[in-house]
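Have a look at coords-v7.csv; it's CSV, C-alpha atoms:
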```csv
chain,number,residue,atom,x,y,z
A,269,MET,CA,5.8,72.1,-23.4
A,270,LYS,CA,3.7,72.5,-26.4
A,271,LYS,CA,0.4,74.2,-25.7
A,272,LEU,CA,-2.5,72.0,-26.8
A,273,LYS,CA,-5.9,73.0,-28.3
A,274,PHE,CA,-8.9,71.4,-26.6
A,275,ALA,CA,-12.6,70.9,-27.5
A,276,ILE,CA,-15.4,69.9,-25.2
A,277,ILE,CA,-18.2,67.6,-26.5
A,278,GLY,CA,-21.1,67.5,-24.1
A,279,CYS,CA,-21.9,70.7,-22.2
A,280,GLY,CA,-24.1,69.4,-19.4
A,281,ARG,CA,-23.7,68.8,-15.6
A,282,ILE,CA,-20.0,67.8,-15.4
A,283,SER,CA,-18.6,70.0,-18.2
A,284,TYR,CA,-17.9,72.9,-15.8
A,285,LYS,CA,-15.1,70.8,-14.4
A,286,HIS,CA,-13.6,70.6,-17.8
A,287,VAL,CA,-13.7,74.4,-18.2
A,288,GLU,CA,-12.2,74.8,-14.7
A,289,ALA,CA,-9.4,72.4,-15.6
A,290,LEU,CA,-8.6,74.2,-18.8
A,291,VAL,CA,-8.6,77.6,-17.1
A,292,GLU,CA,-6.3,76.3,-14.3
A,293,ASN,CA,-4.0,74.8,-16.9
A,294,LYS,CA,-4.1,77.9,-19.2
A,295,GLU,CA,-0.3,77.9,-19.6
A,296,ILE,CA,-0.5,74.5,-21.4
A,297,SER,CA,-4.0,74.4,-22.9
A,298,ASP,CA,-6.5,76.5,-24.8
A,299,LEU,CA,-10.2,75.8,-25.4
A,300,THR,CA,-10.8,76.0,-29.1
A,301,ALA,CA,-14.4,74.8,-29.4
A,302,THR,CA,-17.5,73.6,-27.5
A,303,CYS,CA,-20.1,71.2,-28.8
A,304,ASP,CA,-23.5,70.0,-27.7
A,305,VAL,CA,-26.6,68.8,-29.6
A,306,LYS,CA,-28.3,71.7,-27.8
A,307,LEU,CA,-26.4,74.6,-29.3
A,308,GLU,CA,-27.4,76.9,-26.5
A,309,LEU,CA,-25.5,74.8,-24.0
A,310,ALA,CA,-22.4,74.9,-26.2
A,311,GLU,CA,-22.7,78.7,-26.4
A,312,ALA,CA,-23.1,78.9,-22.6
A,313,LYS,CA,-20.1,76.8,-22.0
A,314,LYS,CA,-18.0,78.9,-24.4
A,315,GLU,CA,-19.1,82.1,-22.5
A,316,GLU,CA,-18.3,80.4,-19.2
A,317,TYR,CA,-14.7,79.8,-20.3
A,318,LEU,CA,-14.2,83.2,-21.8
A,319,THR,CA,-15.6,84.9,-18.6
A,320,LYS,CA,-13.2,82.8,-16.4
A,321,MET,CA,-10.3,83.6,-18.6
A,322,ASN,CA,-11.1,87.3,-18.7
A,323,ASP,CA,-9.4,87.7,-22.0
A,324,ASN,CA,-11.4,89.3,-24.9
A,325,THR,CA,-8.8,88.3,-27.5
A,326,LEU,CA,-9.7,84.7,-27.2
A,327,LYS,CA,-11.8,83.0,-29.9
A,328,VAL,CA,-13.9,79.9,-29.1
A,329,ALA,CA,-16.4,78.4,-31.5
A,330,ALA,CA,-19.6,76.6,-30.6
A,331,TYR,CA,-21.1,73.7,-32.5
A,332,ALA,CA,-24.1,71.4,-32.4
A,333,ASP,CA,-22.4,68.7,-34.5
A,334,TYR,CA,-19.1,67.3,-33.3
A,335,LYS,CA,-18.2,65.9,-36.7
A,336,GLU,CA,-18.6,69.3,-38.3
A,337,MET,CA,-16.5,70.7,-35.5
A,338,LEU,CA,-13.7,68.3,-36.1
A,339,GLU,CA,-13.6,69.1,-39.8
A,340,LYS,CA,-13.5,72.9,-39.3
A,341,GLU,CA,-11.4,73.4,-36.2
A,342,ASP,CA,-7.7,72.7,-35.4
A,343,ILE,CA,-8.0,70.5,-32.3
A,344,ASP,CA,-5.4,68.4,-30.5
A,345,VAL,CA,-7.5,66.9,-27.6
A,346,VAL,CA,-11.2,66.2,-27.3
A,347,THR,CA,-12.9,65.9,-23.9
A,348,ILE,CA,-16.2,63.9,-23.9
A,349,ALA,CA,-18.8,64.7,-21.3
A,350,THR,CA,-21.9,63.4,-23.0
A,351,GLU,CA,-24.4,60.8,-21.8
A,352,SER,CA,-22.4,57.6,-21.0
A,353,GLY,CA,-24.0,55.6,-23.7
A,354,TYR,CA,-22.4,57.8,-26.4
A,355,HIS,CA,-18.9,57.8,-25.0
A,356,ALA,CA,-17.5,54.9,-27.0
A,357,GLU,CA,-19.0,56.0,-30.4
A,358,ILE,CA,-17.8,59.6,-30.1
A,359,ALA,CA,-14.4,58.6,-28.7
A,360,ILE,CA,-13.7,56.1,-31.5
A,361,TYR,CA,-14.8,58.7,-34.2
A,362,CYS,CA,-12.5,61.3,-32.7
A,363,MET,CA,-9.5,59.0,-32.3
A,364,ASN,CA,-9.9,57.8,-35.9
A,365,LYS,CA,-9.6,61.5,-36.8
A,366,GLY,CA,-6.2,61.5,-35.0
A,367,LYS,CA,-7.5,63.3,-31.9
A,368,HIS,CA,-6.4,62.5,-28.3
A,369,VAL,CA,-9.3,61.9,-26.0
A,370,VAL,CA,-10.3,62.4,-22.4
A,371,VAL,CA,-13.6,60.7,-21.7
A,372,GLU,CA,-15.7,60.9,-18.6
A,373,LYS,CA,-16.5,57.7,-16.7
A,374,PRO,CA,-17.7,55.2,-17.5
A,375,MET,CA,-15.5,54.9,-20.6
A,376,ALA,CA,-18.2,52.7,-22.3
A,377,LEU,CA,-21.2,50.6,-21.4
A,378,SER,CA,-19.9,47.3,-22.8
A,379,ILE,CA,-16.7,45.4,-22.6
A,380,ASP,CA,-16.5,45.1,-26.4
A,381,ASP,CA,-16.8,48.9,-26.8
A,382,ALA,CA,-14.2,49.6,-24.1
A,383,ASN,CA,-11.7,47.2,-25.8
A,384,LYS,CA,-12.4,48.7,-29.2
A,385,MET,CA,-11.6,52.2,-27.8
A,386,ILE,CA,-8.2,50.9,-26.5
A,387,GLU,CA,-7.5,49.3,-29.8
A,388,VAL,CA,-8.4,52.4,-31.8
A,389,ALA,CA,-6.2,54.6,-29.6
A,390,LYS,CA,-3.2,52.2,-30.3
A,391,LYS,CA,-3.9,52.0,-34.0
A,392,ASN,CA,-4.0,55.8,-34.4
A,393,ASN,CA,-1.1,56.4,-31.9
A,394,VAL,CA,-3.3,58.8,-29.8
A,395,LYS,CA,-3.7,59.0,-26.1
A,396,LEU,CA,-6.9,57.8,-24.4
A,397,SER,CA,-7.5,58.9,-20.8
A,398,VAL,CA,-10.6,58.3,-18.6
A,399,ALA,CA,-11.7,60.8,-15.9
A,400,HIS,CA,-11.2,58.8,-12.7
A,401,GLN,CA,-10.1,62.1,-11.2
A,402,ASN,CA,-10.3,61.0,-7.6
A,403,ARG,CA,-7.0,59.1,-8.1
A,404,PHE,CA,-5.4,62.5,-7.8
A,405,ASN,CA,-6.8,63.4,-4.3
A,406,LYS,CA,-4.0,63.9,-1.8
A,407,PRO,CA,-5.2,61.3,0.7
A,408,ILE,CA,-5.6,58.8,-2.2
A,409,GLN,CA,-2.1,59.5,-3.4
A,410,LYS,CA,-0.7,59.0,0.1
A,411,LEU,CA,-2.6,55.7,0.4
A,412,ARG,CA,-1.3,54.6,-3.0
A,413,SER,CA,2.2,55.3,-1.9
A,414,ALA,CA,1.7,53.1,1.2
A,415,VAL,CA,0.5,50.3,-1.1
A,416,GLU,CA,3.5,50.7,-3.4
A,417,GLU,CA,5.9,50.7,-0.5
A,418,ASN,CA,4.3,47.5,0.8
A,419,LYS,CA,3.4,49.0,4.2
A,420,PHE,CA,0.2,47.0,4.5
A,421,GLY,CA,2.0,43.6,4.3
A,422,ARG,CA,-0.7,41.4,2.8
A,423,ILE,CA,-3.8,43.3,1.8
A,424,MET,CA,-6.7,41.1,3.0
A,425,ASN,CA,-9.7,43.1,2.1
A,426,GLY,CA,-11.0,46.6,1.2
A,427,THR,CA,-14.4,48.3,1.2
A,428,ALA,CA,-15.8,51.0,-1.0
A,429,ARG,CA,-18.9,52.7,0.3
A,430,VAL,CA,-20.9,55.4,-1.6
A,431,LEU,CA,-23.8,56.6,0.4
A,432,TRP,CA,-25.5,59.3,-1.5
A,433,ARG,CA,-28.9,60.7,-2.4
A,434,ARG,CA,-30.4,61.0,-5.9
A,435,ASP,CA,-34.1,61.9,-5.8
A,436,GLU,CA,-36.8,62.0,-8.5
A,437,ASN,CA,-35.8,65.5,-9.5
A,438,TYR,CA,-32.2,64.4,-10.3
A,439,TYR,CA,-33.5,61.8,-12.8
A,440,LYS,CA,-36.1,64.2,-14.3
A,441,GLN,CA,-33.4,66.7,-15.1
A,442,ALA,CA,-32.0,64.4,-17.7
A,443,PRO,CA,-34.2,61.5,-18.9
A,444,TRP,CA,-31.2,59.4,-19.9
A,445,ARG,CA,-30.1,58.9,-16.3
A,446,GLY,CA,-30.9,55.5,-14.9
A,447,THR,CA,-31.6,54.0,-18.3
A,448,TRP,CA,-29.8,50.8,-19.4
A,449,ASP,CA,-29.0,52.1,-22.8
A,450,LEU,CA,-27.4,55.4,-21.8
A,451,ASP,CA,-26.4,55.1,-18.2
A,452,GLY,CA,-27.0,52.1,-15.9
A,453,GLY,CA,-27.8,52.5,-12.3
A,454,THR,CA,-26.0,53.7,-9.2
A,455,LEU,CA,-23.1,51.3,-9.4
A,456,MET,CA,-22.2,52.6,-12.9
A,457,ASN,CA,-23.0,56.3,-12.4
A,458,GLN,CA,-22.2,57.1,-8.8
A,459,CYS,CA,-20.0,54.3,-7.6
A,460,ILE,CA,-17.5,53.6,-10.4
A,461,HIS,CA,-15.0,56.1,-9.1
A,462,ASN,CA,-14.7,54.3,-5.7
A,463,ILE,CA,-14.8,50.9,-7.3
A,464,ASP,CA,-11.8,52.1,-9.4
A,465,LEU,CA,-9.9,53.1,-6.3
A,466,LEU,CA,-10.7,49.9,-4.5
A,467,GLN,CA,-9.3,47.6,-7.3
A,468,TRP,CA,-6.4,50.0,-7.8
A,469,MET,CA,-5.3,49.6,-4.2
A,470,ILE,CA,-5.8,45.9,-4.0
A,471,GLY,CA,-3.7,45.6,-7.2
A,472,SER,CA,-4.8,42.2,-8.5
A,473,GLU,CA,-6.8,40.8,-11.3
A,474,VAL,CA,-10.4,39.9,-10.5
A,475,GLU,CA,-11.3,36.2,-10.0
A,476,ARG,CA,-15.1,36.5,-9.5
A,477,VAL,CA,-18.0,38.9,-8.7
A,478,TYR,CA,-21.3,38.4,-7.0
A,479,ALA,CA,-23.9,41.1,-6.6
A,480,GLU,CA,-27.3,41.9,-5.2
A,481,CYS,CA,-29.1,45.0,-6.5
A,482,ASP,CA,-32.5,46.6,-6.4
A,483,THR,CA,-34.5,49.7,-7.2
A,484,PHE,CA,-36.1,50.9,-4.0
A,485,ARG,CA,-37.2,54.5,-4.4
A,486,ASN,CA,-36.6,55.9,-7.9
A,487,ASN,CA,-38.6,55.3,-11.0
A,488,ILE,CA,-35.6,54.2,-13.1
A,489,GLU,CA,-34.5,51.1,-15.1
A,490,GLY,CA,-31.2,50.7,-13.2
A,491,GLU,CA,-30.6,50.0,-9.6
A,492,ASP,CA,-30.6,52.7,-6.9
A,493,PHE,CA,-28.9,50.4,-4.5
A,494,GLY,CA,-26.2,47.7,-5.2
A,495,ALA,CA,-23.9,45.5,-3.1
A,496,ILE,CA,-21.0,43.6,-4.7
A,497,VAL,CA,-18.5,41.1,-3.3
A,498,VAL,CA,-15.3,40.8,-5.4
A,499,ARG,CA,-12.8,38.0,-5.0
A,500,PHE,CA,-9.4,39.0,-6.4
A,501,LYS,CA,-6.8,36.5,-7.7
A,502,ASN,CA,-4.4,37.5,-4.9
A,503,GLY,CA,-6.9,36.2,-2.4
A,504,ALA,CA,-8.2,39.6,-1.2
A,505,ILE,CA,-11.9,40.3,-0.9
A,506,GLY,CA,-13.5,43.6,-1.9
A,507,ILE,CA,-16.9,44.7,-0.6
A,508,ILE,CA,-18.8,47.5,-2.4
A,509,GLU,CA,-21.9,49.3,-1.1
A,510,GLY,CA,-23.5,51.8,-3.5
A,511,SER,CA,-26.6,53.7,-2.6
A,512,ALA,CA,-28.5,56.6,-4.1
A,513,VAL,CA,-31.3,56.4,-1.6
A,514,VAL,CA,-29.7,57.7,1.6
A,515,TYR,CA,-32.1,60.0,3.5
A,516,PRO,CA,-32.2,62.9,3.3
A,517,ARG,CA,-28.9,63.9,1.6
A,518,ASN,CA,-25.4,62.7,0.6
A,519,LEU,CA,-23.6,61.1,3.6
A,520,GLU,CA,-20.2,59.9,2.5
A,521,GLU,CA,-17.9,58.2,0.0
A,522,THR,CA,-15.4,56.1,1.9
A,523,LEU,CA,-12.5,53.8,0.9
A,524,SER,CA,-11.0,51.4,3.5
A,525,ILE,CA,-8.0,49.2,3.0
A,526,PHE,CA,-7.0,46.5,5.5
A,527,GLY,CA,-3.7,44.7,5.6
A,528,THR,CA,-1.8,42.5,8.0
A,529,ASP,CA,0.3,45.5,8.9
A,530,GLY,CA,-1.8,48.5,8.3
A,531,THR,CA,-5.3,50.1,8.2
A,532,VAL,CA,-6.2,53.2,6.2
A,533,VAL,CA,-9.6,54.8,5.8
A,534,VAL,CA,-10.2,57.8,3.4
A,535,GLY,CA,-13.6,59.4,3.6
A,536,GLY,CA,-15.4,62.7,3.4
A,537,LEU,CA,-17.9,63.7,0.8
A,538,ALA,CA,-15.7,62.3,-2.1
A,539,VAL,CA,-12.7,60.4,-0.6
A,540,ASN,CA,-11.1,63.7,0.2
A,541,GLU,CA,-10.3,63.3,3.9
A,542,LEU,CA,-7.8,61.0,5.6
A,543,LYS,CA,-9.8,59.5,8.5
A,544,THR,CA,-7.5,56.6,9.7
A,545,TRP,CA,-3.8,56.0,9.2
A,546,ARG,CA,-2.5,53.1,11.3
A,547,PHE,CA,1.0,51.6,10.7
A,548,GLU,CA,3.4,50.5,13.3
A,549,GLY,CA,5.6,53.4,14.5
A,550,GLU,CA,3.8,56.1,12.5
A,551,ASP,CA,2.0,59.1,14.0
A,552,GLU,CA,-1.6,59.1,12.8
A,553,GLU,CA,-2.2,62.8,13.4
A,554,ALA,CA,1.0,63.8,11.7
A,555,ALA,CA,0.0,61.7,8.7
A,556,LYS,CA,-3.3,63.5,8.4
A,557,LYS,CA,-1.7,67.0,8.4
A,558,ASP,CA,-2.2,69.0,5.2
A,559,LEU,CA,-3.9,66.2,3.4
A,560,GLN,CA,-7.5,67.2,3.5
A,561,VAL,CA,-8.8,68.3,0.1
A,562,GLN,CA,-11.5,71.0,0.2
A,563,ILE,CA,-14.1,70.4,-2.4
A,564,ASP,CA,-17.2,72.2,-3.6
A,565,SER,CA,-19.0,69.1,-5.0
A,566,VAL,CA,-18.7,65.3,-5.2
A,567,TYR,CA,-16.7,65.9,-8.4
A,568,GLY,CA,-13.7,67.0,-6.3
A,569,THR,CA,-10.6,68.8,-7.7
A,570,GLY,CA,-9.0,66.1,-9.7
A,571,HIS,CA,-9.8,67.2,-13.2
A,572,THR,CA,-7.2,69.9,-13.1
A,573,PRO,CA,-4.2,67.5,-12.5
A,574,LEU,CA,-5.8,64.9,-14.8
A,575,PHE,CA,-5.8,67.4,-17.7
A,576,LYS,CA,-2.3,68.5,-16.9
A,577,ASP,CA,-1.2,64.8,-17.0
A,578,VAL,CA,-2.8,64.3,-20.4
A,579,VAL,CA,-1.0,67.3,-21.9
A,580,GLU,CA,2.3,66.0,-20.4
A,581,ALA,CA,1.6,62.5,-21.7
A,582,ILE,CA,1.0,63.8,-25.2
A,583,ASN,CA,4.1,66.0,-25.2
A,584,ASN,CA,6.3,63.3,-23.8
A,585,ASP,CA,4.7,60.4,-25.7
A,586,ARG,CA,4.0,58.4,-22.6
A,587,LYS,CA,1.0,56.6,-21.2
A,588,PRO,CA,-1.5,58.8,-19.3
A,589,TYR,CA,-1.8,58.3,-15.6
A,590,ILE,CA,-5.3,56.9,-16.1
A,591,SER,CA,-5.5,55.0,-19.4
A,592,GLY,CA,-8.2,53.0,-21.1
A,593,GLU,CA,-6.5,49.8,-19.9
A,594,ASP,CA,-6.8,51.1,-16.3
A,595,ALA,CA,-10.5,52.2,-16.7
A,596,ILE,CA,-11.7,49.0,-18.2
A,597,VAL,CA,-11.2,47.2,-14.8
A,598,PRO,CA,-13.8,49.0,-12.7
A,599,LEU,CA,-16.2,48.9,-15.7
A,600,SER,CA,-15.8,45.1,-16.0
A,601,ILE,CA,-16.5,44.7,-12.2
A,602,ILE,CA,-19.8,46.6,-12.6
A,603,LEU,CA,-20.8,44.8,-15.8
A,604,ALA,CA,-20.0,41.5,-14.0
A,605,ALA,CA,-22.2,42.7,-11.1
A,606,TYR,CA,-25.1,43.4,-13.6
A,607,LYS,CA,-24.6,39.9,-15.1
A,608,SER,CA,-24.7,38.4,-11.6
A,609,ARG,CA,-27.8,40.3,-10.8
A,610,LYS,CA,-29.5,39.0,-14.0
A,611,THR,CA,-28.4,35.4,-13.5
A,612,GLY,CA,-28.5,35.2,-9.7
A,613,MET,CA,-25.0,33.6,-9.9
A,614,PRO,CA,-21.4,34.6,-9.3
A,615,VAL,CA,-19.6,35.6,-12.5
A,616,ASN,CA,-16.1,34.2,-13.0
A,617,PHE,CA,-13.4,36.2,-14.8
A,618,PRO,CA,-12.7,36.5,-17.7
A,619,PHE,CA,-16.3,36.6,-18.9
A,620,GLU,CA,-17.8,37.1,-22.4
A,621,ASN,CA,-19.0,40.6,-23.5
A,622,PHE,CA,-21.8,42.0,-21.4
A,623,SER,CA,-23.4,45.5,-21.7
A,624,SER,CA,-25.8,47.4,-19.5
A,625,SER,CA,-28.3,47.1,-22.3
A,626,ASP,CA,-28.3,43.3,-21.9
A,627,MET,CA,-30.2,43.9,-18.7
A,628,LYS,CA,-33.3,44.5,-20.8
A,629,LYS,CA,-33.1,41.2,-22.6
```
Would you encode the structure as structure tokens?
Amino acid sequence: MKKLKFAIIGCGRISYKHVEALVENKEISDLTATCDVKLELAEAKKEEYLTKMNDNTLKVAAYADYKEMLEKEDIDVVTIATESGYHAEIAIYCMNKGKHVVVEKPMALSIDDANKMIEVAKKNNVKLSVAHQNRFNKPIQKLRSAVEENKFGRIMNGTARVLWRRDENYYKQAPWRGTWDLDGGTLMNQCIHNIDLLQWMIGSEVERVYAECDTFRNNIEGEDFGAIVVRFKNGAIGIIEGSAVVYPRNLEETLSIFGTDGTVVVGGLAVNELKTWRFEGEDEEAAKKDLQVQIDSVYGTGHTPLFKDVVEAINNDRKPYISGEDAIVPLSIILAAYKSRKTGMPVNFPFENFSSSDMKK
């Protein structure tokens, strides 16, 4: 397998997971450059990688301008971990330069931008993957296998619950957080991973969405609590509860799937523990054995297999496990929820372009 050269654009909160993934995939990837508008952050991320690699022969460059970086460095893959509102612009520029892209969630903040990213990837024959890394969690993979094997019978409904805490200090650390132009609220920032898992398991196009949201505690533009009801075209109903105001700390992230012939609940801090596994004739405790994923944060451990998959997808010229086409679905559910909040009405699919910024109009 050809070893690929990576660059990281955006060296803030989540970027350590990109470094970790590259180090743990060192046989198939190298970090060539880091970039952040705050050059000191790019320098720090470079040193973090070099320290973890413990190899003084490695050369990594640091930049404040990603366009300059792309002109000067030989790069195969760019990973984007900037503020959400810049994801589309940077990804499109990089793909037009012939670079493969891994972008953090959400892939964009509007449906039009997300569709353009997918189109640009196809036009330039490059891979676009979105970091919905929890799909790689062992309990989630086991649940997905049960869905694919039709163990549930008819899936009737599913619930996605994110009950976390984000206080004033969290939003003060980065003023873009909670803004409509660069972030959105709790549904877009904290809940999109679990919304992705819910729609993936139900496995149907969306028919309509209705939402109620509010901002209870935090001085932000977006919501810090949101509730969504999703009706899927196969008849299933999804219920989403997203909170950033749980007292006094993070409580859980839980995905539950209910079928005529089975019930599964995956919970823990970040859907990393198999809580319930009930199918006729199956031993629940045996099913849970060796499936718990130990995590050090809500980001989990999925970036490492995600980066490996992207390298394999490039080398084998196949679709990434989590593509732009996959990632536009949870994004659309959230944007429909925002439109529902704004209008007070259910939103039927397909619906015209809507962006988080439209919440200010």
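Close contacts of A:Phe617, defined as residues with an atom at most 7 Å away when counting only C-alpha atoms, with chain neighbours fewer than 2 positions off set aside, comprise Val474, Glu475, Arg476, Val615 and Phe619 of chain A.
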Practice task
Write out as a list in words each polymer residue whose atoms come within 12 Å of A:Asn502, counting only C-alpha atoms; drop sequence neighbours fewer than 6 positions from it.
Solution key: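 Once the nearby chain positions are removed, what remains is Arg422, Ile423, Met424, Asn425, Gln467, Ile470, Gly471, Ser472, Glu473, Val474, Glu475 and Arg476 of chain A.
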Problem - Top pick for closest residue to A:Gln409, considering A:Val539, A:Ile602, A:Met627, A:Ala330 and counting only C-alpha atoms - result: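 When distances to A:Gln409 are compared using only C-alpha atoms, the smallest one comes from A:Val539.
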Practice task
Would you mind listing what lies within 7 Å of A:Lys395 as a list in words, with all atoms listed in the file counted and same-chain residues fewer than 4 positions away left out?
Solution key: His368, Val369, Ala389 and Ile582 of chain A
Practice task
Give the answer as one residue: which of A:Lys365, A:Ala399, A:Leu299, A:Glu550 has the shortest atom-to-atom distance to A:Pro588, using all atoms listed in the file?
Solution key: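 Result for the nearest residue to A:Pro588: A:Ala399.
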Exercise for the section: Could you check how far atom CA of A:Lys440 sits from atom CA of A:Tyr354, in Å to one decimal? Expected result: 19.4 Å
Exercise for the section: Skip stretch 312-324 of chain A itself and residues of its chain fewer than 2 positions away, then list as a ChimeraX atom specification all residues within 8 Å of it, counting only C-alpha atoms. Expected result: /A:279,283-284,287-288,291,299,301-302,308-310,326,328-330
Handout entry: Given only C-alpha atoms as the counted atoms, nearest of A:Glu491, A:Glu520, A:Glu553, A:Glu509 to A:Lys610
Key =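 Selected residue with least distance to A:Lys610: A:Glu491.
Of the residues under consideration (A:Gln458, A:Asn621, A:Asn518, A:Asn364), A:Asn364 shows the shortest atom-to-atom contact distance to A:Val388 when counting only C-alpha atoms.
Pairwise distance (atom CA of A:His400, atom CA of A:Phe420) equals 23.8 Å.
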Need the shell around A:Ala382: protein/DNA/RNA residues with any atom at most 10 Å away, counting only C-alpha atoms. Skip same-chain ones fewer than 4 positions apart. Format as a PDB file with C-alpha atoms, keeping the file's coordinate frame?
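Produced file out29.pdb, reproduced below:
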```
ATOM      1  CA  HIS A 355     -18.900  57.800 -25.000  1.00  0.00           C
ATOM      2  CA  ALA A 356     -17.500  54.900 -27.000  1.00  0.00           C
ATOM      3  CA  ILE A 360     -13.700  56.100 -31.500  1.00  0.00           C
ATOM      4  CA  PRO A 374     -17.700  55.200 -17.500  1.00  0.00           C
ATOM      5  CA  MET A 375     -15.500  54.900 -20.600  1.00  0.00           C
ATOM      6  CA  ALA A 376     -18.200  52.700 -22.300  1.00  0.00           C
ATOM      7  CA  LEU A 377     -21.200  50.600 -21.400  1.00  0.00           C
ATOM      8  CA  SER A 378     -19.900  47.300 -22.800  1.00  0.00           C
ATOM      9  CA  ILE A 386      -8.200  50.900 -26.500  1.00  0.00           C
ATOM     10  CA  GLU A 387      -7.500  49.300 -29.800  1.00  0.00           C
ATOM     11  CA  GLY A 592      -8.200  53.000 -21.100  1.00  0.00           C
ATOM     12  CA  GLU A 593      -6.500  49.800 -19.900  1.00  0.00           C
ATOM     13  CA  ALA A 595     -10.500  52.200 -16.700  1.00  0.00           C
ATOM     14  CA  ILE A 596     -11.700  49.000 -18.200  1.00  0.00           C
ATOM     15  CA  LEU A 599     -16.200  48.900 -15.700  1.00  0.00           C
ATOM     16  CA  SER A 600     -15.800  45.100 -16.000  1.00  0.00           C
TER      17      SER A 600
END
```
Handout entry: Two-atom distance - atom CA of A:Val534, atom CA of A:Ser591 (Å)
Key =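 Atom CA of A:Ser591 lies at a distance of 23.4 Å from atom CA of A:Val534.
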Exercise for the section: Select, from A:Thr350, A:Thr544, A:Thr454, A:Asn402, the residue with the minimum atom-to-atom distance to A:Val513, counting all atoms listed in the file. Expected result: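 Closest residue, counting all atoms listed in the file: A:Thr454.
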Problem - Among listed residues A:Asn392, A:Asn293, A:Thr300, A:Gln401, nearest A:His571 (using only C-alpha atoms) - result: A:Gln401
Practice task
Please write as a list in words the list of polymer residues whose atoms come within 12 Å of (-3.5, 76.8, -26.6), counting all atoms listed in the file and keeping to the coordinates of the file.
Solution key: Met269, Lys270, Lys271, Leu272, Lys273, Phe274, Ala275, Leu290, Val291, Asn293, Lys294, Glu295, Ile296, Ser297, Asp298, Leu299, Thr300, Ala301, Leu326, Lys327, Val328, Asp342, Ile343, Asp344, Val345 and Val579 of chain A
